[in-house]
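Structure file start01.csv (CSV, C-alpha atoms (C1' of nucleotides)) is printed below.
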chain,number,residue,atom,x,y,z
N,697,MET,CA,-24.1,-20.2,-29.6
N,698,LEU,CA,-20.9,-19.9,-27.7
N,699,HIS,CA,-18.4,-17.5,-29.1
N,700,THR,CA,-16.2,-16.7,-26.2
N,701,PHE,CA,-14.1,-18.8,-23.8
N,702,SER,CA,-14.1,-18.0,-20.1
N,703,PHE,CA,-12.1,-19.8,-17.5
N,704,HIS,CA,-14.1,-18.9,-14.5
N,705,ILE,CA,-11.1,-18.5,-12.3
N,706,HIS,CA,-11.9,-16.4,-9.3
N,707,THR,CA,-9.6,-15.3,-6.6
N,708,MET,CA,-11.6,-13.5,-4.1
N,709,PRO,CA,-11.4,-14.7,-0.6
N,710,GLU,CA,-14.5,-16.5,0.3
N,711,LEU,CA,-14.9,-18.3,3.6
N,712,PRO,CA,-12.9,-21.3,2.6
N,713,GLU,CA,-10.0,-19.1,1.5
N,714,VAL,CA,-10.1,-17.2,4.7
N,715,GLU,CA,-10.1,-20.4,6.7
N,716,THR,CA,-7.2,-21.7,4.7
N,717,THR,CA,-5.4,-18.5,5.2
N,718,ARG,CA,-5.9,-18.8,9.0
N,719,ALA,CA,-4.5,-22.3,9.0
N,720,GLY,CA,-1.6,-21.2,6.8
N,721,ILE,CA,-0.4,-18.3,8.9
N,722,ALA,CA,-1.2,-19.6,12.4
N,723,PRO,CA,1.8,-22.0,12.8
N,724,HIS,CA,4.2,-19.2,11.6
N,725,ILE,CA,3.1,-16.5,14.0
N,726,SER,CA,1.6,-18.3,17.1
N,727,GLY,CA,3.6,-17.6,20.2
N,728,LYS,CA,5.6,-14.9,18.6
N,729,ALA,CA,6.0,-11.3,19.7
N,730,PHE,CA,5.2,-8.4,17.5
N,731,ALA,CA,8.2,-6.3,16.9
N,732,GLN,CA,7.9,-3.8,14.0
N,733,VAL,CA,4.6,-2.8,12.4
N,734,HIS,CA,4.6,-0.8,9.2
N,735,ILE,CA,1.4,0.6,7.8
N,736,ARG,CA,2.1,2.0,4.3
N,737,GLN,CA,-1.5,2.6,3.3
N,738,PRO,CA,-3.9,3.3,6.2
N,739,LYS,CA,-6.8,3.9,3.9
N,740,LEU,CA,-8.5,0.6,3.9
N,741,ARG,CA,-12.2,-0.2,4.5
N,742,TRP,CA,-11.8,1.8,7.6
N,743,PRO,CA,-8.7,3.8,8.5
N,744,VAL,CA,-6.0,1.8,10.2
N,745,ASN,CA,-5.4,3.0,13.8
N,746,PRO,CA,-2.4,5.3,13.6
N,747,ASP,CA,-1.2,4.0,17.0
N,748,LEU,CA,-1.4,0.3,15.9
N,749,ALA,CA,2.4,-0.1,15.9
N,750,ALA,CA,2.6,1.2,19.5
N,751,VAL,CA,-0.4,-0.9,20.6
N,752,LEU,CA,1.0,-4.1,19.2
N,753,SER,CA,4.6,-3.6,20.3
N,754,GLY,CA,5.8,-6.4,22.5
N,755,GLN,CA,2.5,-8.3,22.4
N,756,THR,CA,2.5,-12.0,21.7
N,757,VAL,CA,0.2,-13.9,19.5
N,758,ALA,CA,-1.8,-16.3,21.6
N,759,ALA,CA,-4.0,-17.8,18.9
N,760,VAL,CA,-5.3,-17.2,15.4
N,761,SER,CA,-9.0,-17.8,14.9
N,762,ARG,CA,-11.7,-16.9,12.5
N,763,ARG,CA,-15.3,-15.7,12.8
N,764,ALA,CA,-17.2,-15.3,9.5
N,765,LYS,CA,-14.6,-13.9,7.2
N,766,TYR,CA,-12.8,-12.0,10.0
N,767,LEU,CA,-9.4,-13.3,10.9
N,768,LEU,CA,-8.7,-12.8,14.6
N,769,ILE,CA,-5.2,-12.6,15.9
N,770,HIS,CA,-5.4,-12.9,19.7
N,771,THR,CA,-3.0,-11.3,22.1
N,772,GLY,CA,-3.4,-11.1,25.8
N,773,ALA,CA,-4.6,-7.5,25.5
N,774,GLY,CA,-7.0,-7.7,22.6
N,775,TYR,CA,-7.5,-8.8,19.0
N,776,LEU,CA,-6.1,-7.8,15.7
N,777,ILE,CA,-9.0,-8.2,13.3
N,778,ILE,CA,-8.1,-8.6,9.7
N,779,HIS,CA,-10.7,-8.8,6.9
N,780,LEU,CA,-9.4,-9.6,3.4
N,781,GLY,CA,-12.3,-7.8,1.6
N,782,MET,CA,-12.4,-9.1,-1.9
N,783,SER,CA,-8.8,-8.8,-3.0
N,784,GLY,CA,-6.8,-9.2,0.1
N,785,SER,CA,-4.2,-11.8,1.0
N,786,LEU,CA,-1.7,-12.5,3.7
N,787,ARG,CA,1.8,-14.0,3.2
N,788,ILE,CA,4.5,-15.2,5.5
N,789,TYR,CA,8.1,-14.4,4.9
N,790,GLU,CA,10.8,-16.2,6.9
N,791,PRO,CA,13.5,-14.3,8.8
N,792,GLY,CA,16.1,-12.7,6.5
N,793,GLN,CA,14.0,-13.4,3.4
N,794,HIS,CA,11.9,-10.3,3.2
N,795,PRO,CA,11.5,-9.0,-0.3
N,796,PRO,CA,10.9,-5.3,-0.8
N,797,PRO,CA,7.3,-4.4,-0.6
N,798,GLN,CA,5.4,-4.4,-3.9
N,799,LYS,CA,2.5,-2.3,-5.0
N,800,HIS,CA,-0.5,-2.8,-2.7
N,801,ASP,CA,1.5,-4.3,0.1
N,802,HIS,CA,-0.2,-2.1,2.6
N,803,ALA,CA,1.0,-3.5,6.0
N,804,ASP,CA,3.9,-5.5,7.4
N,805,PHE,CA,3.8,-7.2,10.8
N,806,GLU,CA,7.3,-8.2,11.7
N,807,PHE,CA,7.8,-10.5,14.7
N,808,ALA,CA,10.7,-10.6,17.1
N,809,ASP,CA,12.2,-13.7,15.4
N,810,GLY,CA,12.2,-11.9,12.0
N,811,THR,CA,9.1,-13.6,10.6
N,812,LEU,CA,7.1,-11.2,8.5
N,813,LEU,CA,3.3,-11.3,8.0
N,814,ARG,CA,2.5,-9.1,5.0
N,815,PHE,CA,-1.0,-7.8,4.0
N,816,HIS,CA,-1.6,-7.2,0.3
N,817,ASP,CA,-4.9,-5.8,-1.0
N,818,PRO,CA,-5.2,-4.0,-4.4
N,819,ARG,CA,-8.9,-2.9,-4.0
N,820,ARG,CA,-8.5,-2.0,-0.3
N,821,PHE,CA,-11.9,-3.4,0.7
N,822,GLY,CA,-10.1,-5.2,3.5
N,823,ALA,CA,-9.6,-4.0,7.0
N,824,ILE,CA,-7.1,-4.1,9.8
N,825,LEU,CA,-8.6,-3.2,13.2
N,826,TRP,CA,-7.5,-3.4,16.8
N,827,PHE,CA,-10.1,-4.3,19.5
N,828,ALA,CA,-9.3,-4.5,23.1
N,829,GLY,CA,-12.7,-5.6,24.4
N,830,ALA,CA,-14.6,-8.9,24.4
N,831,LEU,CA,-15.2,-10.2,20.9
N,832,GLU,CA,-18.9,-10.7,21.4
N,833,HIS,CA,-19.2,-7.0,22.0
N,834,HIS,CA,-17.4,-5.9,18.8
N,835,PRO,CA,-19.9,-4.0,16.6
N,836,LEU,CA,-18.8,-6.0,13.5
N,837,LEU,CA,-19.2,-9.4,15.2
N,838,GLN,CA,-22.0,-9.1,17.7
N,839,HIS,CA,-24.9,-9.5,15.2
N,840,LEU,CA,-23.5,-12.3,13.2
N,841,GLY,CA,-25.4,-15.5,12.5
N,842,PRO,CA,-24.0,-19.0,12.9
N,843,GLU,CA,-21.1,-20.4,11.0
N,844,PRO,CA,-22.3,-22.3,8.0
N,845,LEU,CA,-20.4,-25.4,8.8
N,846,SER,CA,-21.4,-25.5,12.4
N,847,ALA,CA,-24.2,-27.6,13.9
N,848,GLY,CA,-26.1,-24.5,14.7
N,849,PHE,CA,-26.8,-23.9,11.0
N,850,ASP,CA,-29.5,-26.5,10.4
N,851,THR,CA,-32.9,-26.8,8.9
N,852,VAL,CA,-34.8,-25.8,12.0
N,853,TYR,CA,-32.7,-22.7,12.5
N,854,LEU,CA,-33.0,-21.6,8.9
N,855,GLN,CA,-36.7,-22.2,8.6
N,856,HIS,CA,-37.4,-20.4,11.9
N,857,THR,CA,-35.1,-17.5,11.1
N,858,LEU,CA,-36.6,-16.9,7.7
N,859,ALA,CA,-40.2,-17.5,8.8
N,860,LYS,CA,-41.3,-13.9,8.4
N,861,GLN,CA,-38.9,-12.8,5.7
N,862,LYS,CA,-40.3,-11.9,2.3
N,863,ARG,CA,-37.1,-10.9,0.7
N,864,ALA,CA,-35.5,-13.2,-1.9
N,865,ILE,CA,-33.9,-16.4,-0.5
N,866,LYS,CA,-30.6,-15.5,-2.1
N,867,LEU,CA,-30.4,-12.1,-0.3
N,868,ALA,CA,-31.3,-13.8,2.9
N,869,LEU,CA,-28.5,-16.4,2.4
N,870,MET,CA,-26.0,-13.6,1.9
N,871,ASP,CA,-27.1,-11.8,5.0
N,872,ASN,CA,-24.5,-12.2,7.7
N,873,ALA,CA,-27.2,-12.0,10.4
N,874,VAL,CA,-28.7,-15.2,8.9
N,875,VAL,CA,-25.6,-17.2,8.2
N,876,VAL,CA,-22.0,-15.9,7.8
N,877,GLY,CA,-19.5,-16.6,5.1
N,878,VAL,CA,-21.8,-17.2,2.2
N,879,GLY,CA,-20.8,-14.8,-0.5
N,880,ASN,CA,-22.2,-14.3,-4.0
N,881,ILE,CA,-20.4,-17.2,-5.6
N,882,TYR,CA,-21.4,-19.8,-3.0
N,883,ALA,CA,-25.0,-18.5,-2.6
N,884,ASN,CA,-25.5,-19.0,-6.4
N,885,GLU,CA,-23.8,-22.4,-6.3
N,886,ALA,CA,-25.7,-23.6,-3.2
N,887,LEU,CA,-29.1,-22.5,-4.6
N,888,PHE,CA,-28.3,-24.4,-7.8
N,889,GLN,CA,-27.3,-27.5,-5.9
N,890,ALA,CA,-30.5,-27.3,-3.8
N,891,ALA,CA,-32.6,-26.7,-7.0
N,892,ILE,CA,-34.1,-23.5,-5.6
N,893,THR,CA,-34.7,-20.4,-7.7
N,894,PRO,CA,-32.9,-17.4,-6.1
N,895,THR,CA,-35.8,-15.1,-6.3
N,896,ARG,CA,-38.2,-17.2,-4.2
N,897,ALA,CA,-39.4,-15.5,-1.0
N,898,ALA,CA,-37.2,-16.6,1.9
N,899,ASN,CA,-40.2,-17.7,3.9
N,900,SER,CA,-41.8,-19.6,1.0
N,901,LEU,CA,-39.6,-22.7,0.9
N,902,GLN,CA,-41.0,-26.1,1.8
N,903,ALA,CA,-39.4,-27.9,4.7
N,904,HIS,CA,-37.5,-30.3,2.5
N,905,GLU,CA,-36.1,-27.3,0.6
N,906,TYR,CA,-34.7,-25.7,3.7
N,907,THR,CA,-33.1,-29.0,4.4
N,908,ALA,CA,-31.7,-29.2,0.9
N,909,LEU,CA,-30.4,-25.6,1.1
N,910,VAL,CA,-28.6,-26.1,4.4
N,911,ALA,CA,-27.0,-29.3,3.1
N,912,ALA,CA,-26.0,-27.5,-0.2
N,913,VAL,CA,-24.4,-24.6,1.6
N,914,LYS,CA,-22.4,-26.9,3.8
N,915,ASP,CA,-21.4,-29.0,0.8
N,916,VAL,CA,-20.2,-26.3,-1.5
N,917,LEU,CA,-18.2,-24.7,1.3
N,918,GLN,CA,-16.8,-28.0,2.5
N,919,ARG,CA,-15.8,-29.0,-1.0
N,920,ALA,CA,-14.1,-25.7,-1.6
N,921,LEU,CA,-12.3,-26.1,1.7
N,922,ALA,CA,-11.1,-29.6,0.8
N,923,ALA,CA,-10.0,-28.4,-2.6
N,924,GLY,CA,-8.2,-25.5,-1.1
N,925,GLY,CA,-6.2,-27.7,1.2
N,926,SER,CA,-4.7,-29.5,-1.7
N,927,THR,CA,-4.4,-26.8,-4.3
N,928,LEU,CA,-3.4,-23.8,-2.2
N,929,ARG,CA,0.2,-22.9,-2.5
N,930,ASP,CA,2.3,-22.7,0.5
N,931,PHE,CA,2.2,-19.4,2.4
N,932,VAL,CA,5.9,-19.4,2.6
N,933,ASN,CA,8.6,-19.2,-0.1
N,934,SER,CA,6.2,-19.8,-2.9
N,935,GLU,CA,5.8,-18.4,-6.3
N,936,GLY,CA,2.8,-16.3,-6.9
N,937,ARG,CA,1.1,-14.0,-4.5
N,938,SER,CA,-1.6,-15.7,-2.6
N,939,GLY,CA,-2.5,-18.9,-4.3
N,940,TYR,CA,-6.2,-18.7,-3.9
N,941,PHE,CA,-8.2,-21.7,-5.2
N,942,GLN,CA,-8.9,-22.0,-8.8
N,943,GLN,CA,-12.3,-23.5,-8.9
N,944,HIS,CA,-14.9,-24.5,-11.4
N,945,TYR,CA,-18.4,-23.4,-10.8
N,946,ALA,CA,-21.7,-24.9,-12.0
N,947,VAL,CA,-23.6,-21.7,-12.6
N,948,TYR,CA,-21.6,-18.7,-11.3
N,949,GLY,CA,-20.3,-16.6,-14.1
N,950,ARG,CA,-21.9,-18.9,-16.7
N,951,GLN,CA,-24.8,-16.9,-18.2
N,952,ASN,CA,-25.7,-18.1,-21.7
N,953,GLU,CA,-23.8,-21.3,-21.1
N,954,ASN,CA,-25.4,-24.7,-20.8
N,955,CYS,CA,-26.5,-26.0,-17.4
N,956,PRO,CA,-24.3,-28.9,-16.4
N,957,ARG,CA,-27.3,-30.8,-15.2
N,958,CYS,CA,-30.0,-30.4,-17.9
N,959,GLY,CA,-28.1,-28.6,-20.7
N,960,GLY,CA,-30.5,-25.7,-20.7
N,961,LEU,CA,-29.5,-22.1,-20.7
N,962,ILE,CA,-28.2,-20.5,-17.6
N,963,TYR,CA,-29.7,-17.1,-16.8
N,964,LYS,CA,-28.2,-14.0,-15.2
N,965,ILE,CA,-30.3,-11.6,-13.3
N,966,THR,CA,-29.6,-8.8,-10.7
N,967,GLN,CA,-30.6,-9.0,-7.1
N,968,GLY,CA,-29.5,-6.4,-4.6
N,969,GLN,CA,-27.0,-5.0,-7.2
N,970,ARG,CA,-25.4,-8.4,-7.4
N,971,SER,CA,-25.4,-10.9,-10.2
N,972,SER,CA,-27.4,-14.1,-9.7
N,973,PHE,CA,-27.0,-17.1,-12.0
N,974,TYR,CA,-29.4,-19.9,-12.2
N,975,CYS,CA,-31.0,-22.6,-14.4
N,976,PRO,CA,-34.8,-22.0,-14.7
N,977,GLN,CA,-35.3,-25.6,-15.7
N,978,CYS,CA,-33.5,-27.1,-12.7
N,979,GLN,CA,-34.3,-24.5,-10.0
N,980,HIS,CA,-37.8,-23.9,-8.8
O,980,DC,C1',-37.9,-3.0,11.6
O,981,DT,C1',-37.8,-3.7,6.4
O,982,DG,C1',-36.2,-2.8,2.0
O,983,DT,C1',-33.4,-0.4,-1.2
O,984,DT,C1',-29.5,2.2,-2.7
O,985,DC,C1',-24.9,4.0,-2.2
O,986,DT,C1',-20.1,3.6,-1.3
O,987,DC,C1',-15.3,2.3,-0.9
O,988,DC,C1',-11.3,0.6,-4.8
O,989,DT,C1',-8.6,-1.2,-8.8
O,990,DG,C1',-7.9,-4.8,-12.3
O,991,DT,C1',-9.9,-6.7,-16.3
O,992,DG,C1',-11.9,-7.0,-20.6
O,993,DG,C1',-14.9,-5.4,-24.4
O,994,DG,C1',-15.7,-1.8,-27.9
O,995,DC,C1',-13.9,1.3,-31.0
Z,1455,DT,C1',-1.7,-0.1,-29.1
Z,1456,DG,C1',-4.5,3.0,-26.4
Z,1457,DC,C1',-8.3,5.2,-24.5
Z,1458,DC,C1',-12.9,4.9,-22.3
Z,1459,DC,C1',-16.0,2.7,-19.6
Z,1460,DA,C1',-18.9,-0.9,-17.5
Z,1461,DC,C1',-18.4,-4.4,-14.4
Z,1462,DA,C1',-17.0,-7.2,-10.5
Z,1463,DG,C1',-17.9,-7.6,-5.3
Z,1464,DG,C1',-18.2,-7.7,1.1
Z,1465,DA,C1',-20.7,-5.4,3.8
Z,1466,DG,C1',-21.5,-1.3,6.5
Z,1467,DA,C1',-23.8,3.2,6.0
Z,1468,DA,C1',-27.4,6.0,4.7
Z,1469,DC,C1',-31.9,6.7,3.5
Z,1470,DA,C1',-36.9,5.8,2.4
Would it be possible to restate this file's structure as structure tokens?
Amino acid sequence: MLHTFSFHIHTMPELPEVETTRAGIAPHISGKAFAQVHIRQPKLRWPVNPDLAAVLSGQTVAAVSRRAKYLLIHTGAGYLIIHLGMSGSLRIYEPGQHPPPQKHDHADFEFADGTLLRFHDPRRFGAILWFAGALEHHPLLQHLGPEPLSAGFDTVYLQHTLAKQKRAIKLALMDNAVVVGVGNIYANEALFQAAITPTRAANSLQAHEYTALVAAVKDVLQRALAAGGSTLRDFVNSEGRSGYFQQHYAVYGRQNENCPRCGGLIYKITQGQRSSFYCPQCQH
DNA sequence: CTGTTCTCCTGTGGGC
DNA sequence: TGCCCACAGGAGAACA
């Protein structure tokens, strides 16, 4: 019996949000030169380089890309690497329209034309790093698996990669060395869509199940990305802080509710200190 | 190498 | 209305 309402609105930056953030800020900062950099709170996931302002001074943004959930702001001299953690967001403010910083506005990057890129992150699981080397050599990036939406993430790859792994399939799916960008929400949703129980050993799936899982991962992320493109608020001059997607999930956060497919009860269990949600009738 | 546990942090919501 | 506390989570670090 249901005696509470939940809306299942989650605002943490998963890969679709990070990609949308990339697309949102890129046109506003590309080709522009860093002018002022203010770090108000250097205690993030890792301490922000105290020399960051000096390092960035005068450098120009050559491109804004993304690898996994890392945003990469390229300059000729290196990369500003930004991770949004689980509560981070970026906003653009136009020249002459910079509101005073609010609580948790930890960093400001002001460009020569007056454009402001502001980093906001209540829980401070995010990161702002500078790296002057080749990206493939960065310790955080060098062991990453393929992008989930790339051709490299396919049935053959997944089956081969997991061939000797006895851990649960959900834990493998959330491992960045296997495939990047699949957080807890989308791991749960993809396994539901592929009708696979999250506790199955990673190497125990049948060939058609690896195929279904790859397709499901791509589908849930692609649909979130598509939804984000239409529902995300503008990064400039908008009400509200970040405008992350408001999405509806099939099983995530729905323990004790009815499965949208069979009507049975959705279960919640813990795997690797994370919540897993699944339908024991639909997932095998 | 594999598997497990800990850790960072603050907003939210339930219980009383 | 307020206090206390469990919980949420990305992902590296530490440890077994």
Exercise for the section: Within 7 Å of chain O, which residues of chain N are there when counting all atoms listed in the file? Please give them as a PyMOL selection string. Expected result: chain N and resi 741+818-821
6 Å per side around chain O: axis-aligned box centre and edge lengths, as lines of an AutoDock Vina configuration file:
center_x = -22.9
center_y = -1.5
center_z = -9.7
size_x = 42.0
size_y = 23.0
size_z = 54.6
Handout entry: Polymer residues at most 9 Å from Ala823 (chain N), only C-alpha atoms (C1' of nucleotides), same-chain spacing of 3 or more positions, as an MDAnalysis selection string
Key = chainID N and resid 739:744 777:781 820
Report as a tab-separated table: every residue of chain Z with an atom at most 9 Å from chain N, its closest pair of atoms, and their distance in Å to one decimal, counting all atoms listed in the file, with rows sorted by chain and ascending residue number.
residue	atom	partner	partner_atom	distance
Z:DG1463	C1'	N:Met782	CA	6.6
Z:DG1464	C1'	N:Gly781	CA	5.9
Z:DA1465	C1'	N:Asn872	CA	8.7
Z:DG1466	C1'	N:Leu836	CA	8.9
Export of the given selection (C-alpha atoms (C1' of nucleotides)) as an mmCIF file, keeping the file's coordinate frame:
data_model
loop_
_atom_site.group_PDB
_atom_site.id
_atom_site.type_symbol
_atom_site.label_atom_id
_atom_site.label_comp_id
_atom_site.auth_asym_id
_atom_site.auth_seq_id
_atom_site.Cartn_x
_atom_site.Cartn_y
_atom_site.Cartn_z
ATOM 1 C "C1'" DG Z 1463 -17.900 -7.600 -5.300
ATOM 2 C "C1'" DG Z 1464 -18.200 -7.700 1.100
ATOM 3 C "C1'" DA Z 1465 -20.700 -5.400 3.800
ATOM 4 C "C1'" DG Z 1466 -21.500 -1.300 6.500
#
Problem - Neighbour residues at most 10 Å from (-25.5, -18.5, -3.5) (only C-alpha atoms (C1' of nucleotides)) as a list in words - result: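 Output of the proximity query reads Ile865, Lys866, Leu867, Ala868, Leu869, Met870, Val878, Gly879, Asn880, Ile881, Tyr882, Ala883, Asn884, Glu885, Ala886, Leu887, Phe888, Gln889, Pro894, Leu909, Ala912, Val913, Val916, Val947, Tyr948, Ser972, Phe973 and Tyr974 of chain N.
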Exercise for the section: Using CA of Leu837 (chain N) and CA of Ser726 (chain N) as the two end points, give the distance in Å to one decimal. Expected result: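 Taking CA of Leu837 (chain N) and CA of Ser726 (chain N), their separation equals 22.7 Å.
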Handout entry: Å distance separating CA of His833 (chain N) from CA of Leu752 (chain N), one decimal place
Key =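 That distance, rounded to one decimal, is 20.6 Å.
The interatomic distance for the pair CA of Gln977 (chain N) and CA of Leu901 (chain N) works out to 17.4 Å.
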Long-range neighbours of Arg736 (chain N) as a PDB file with C-alpha atoms, in the frame of the given file, 9 Å cut-off, only C-alpha atoms (C1' of nucleotides), 3 positions minimum in chain:
ATOM      1  CA  HIS N 800      -0.500  -2.800  -2.700  1.00  0.00           C
ATOM      2  CA  ASP N 801       1.500  -4.300   0.100  1.00  0.00           C
ATOM      3  CA  HIS N 802      -0.200  -2.100   2.600  1.00  0.00           C
ATOM      4  CA  ALA N 803       1.000  -3.500   6.000  1.00  0.00           C
ATOM      5  CA  ASP N 804       3.900  -5.500   7.400  1.00  0.00           C
TER       6      ASP N 804
END
Handout entry: Glu790 (chain N) environment, 7 Å, all atoms listed in the file, sequence neighbours closer than 5 positions dropped, as a ChimeraX atom specification
Key = /N:810-812
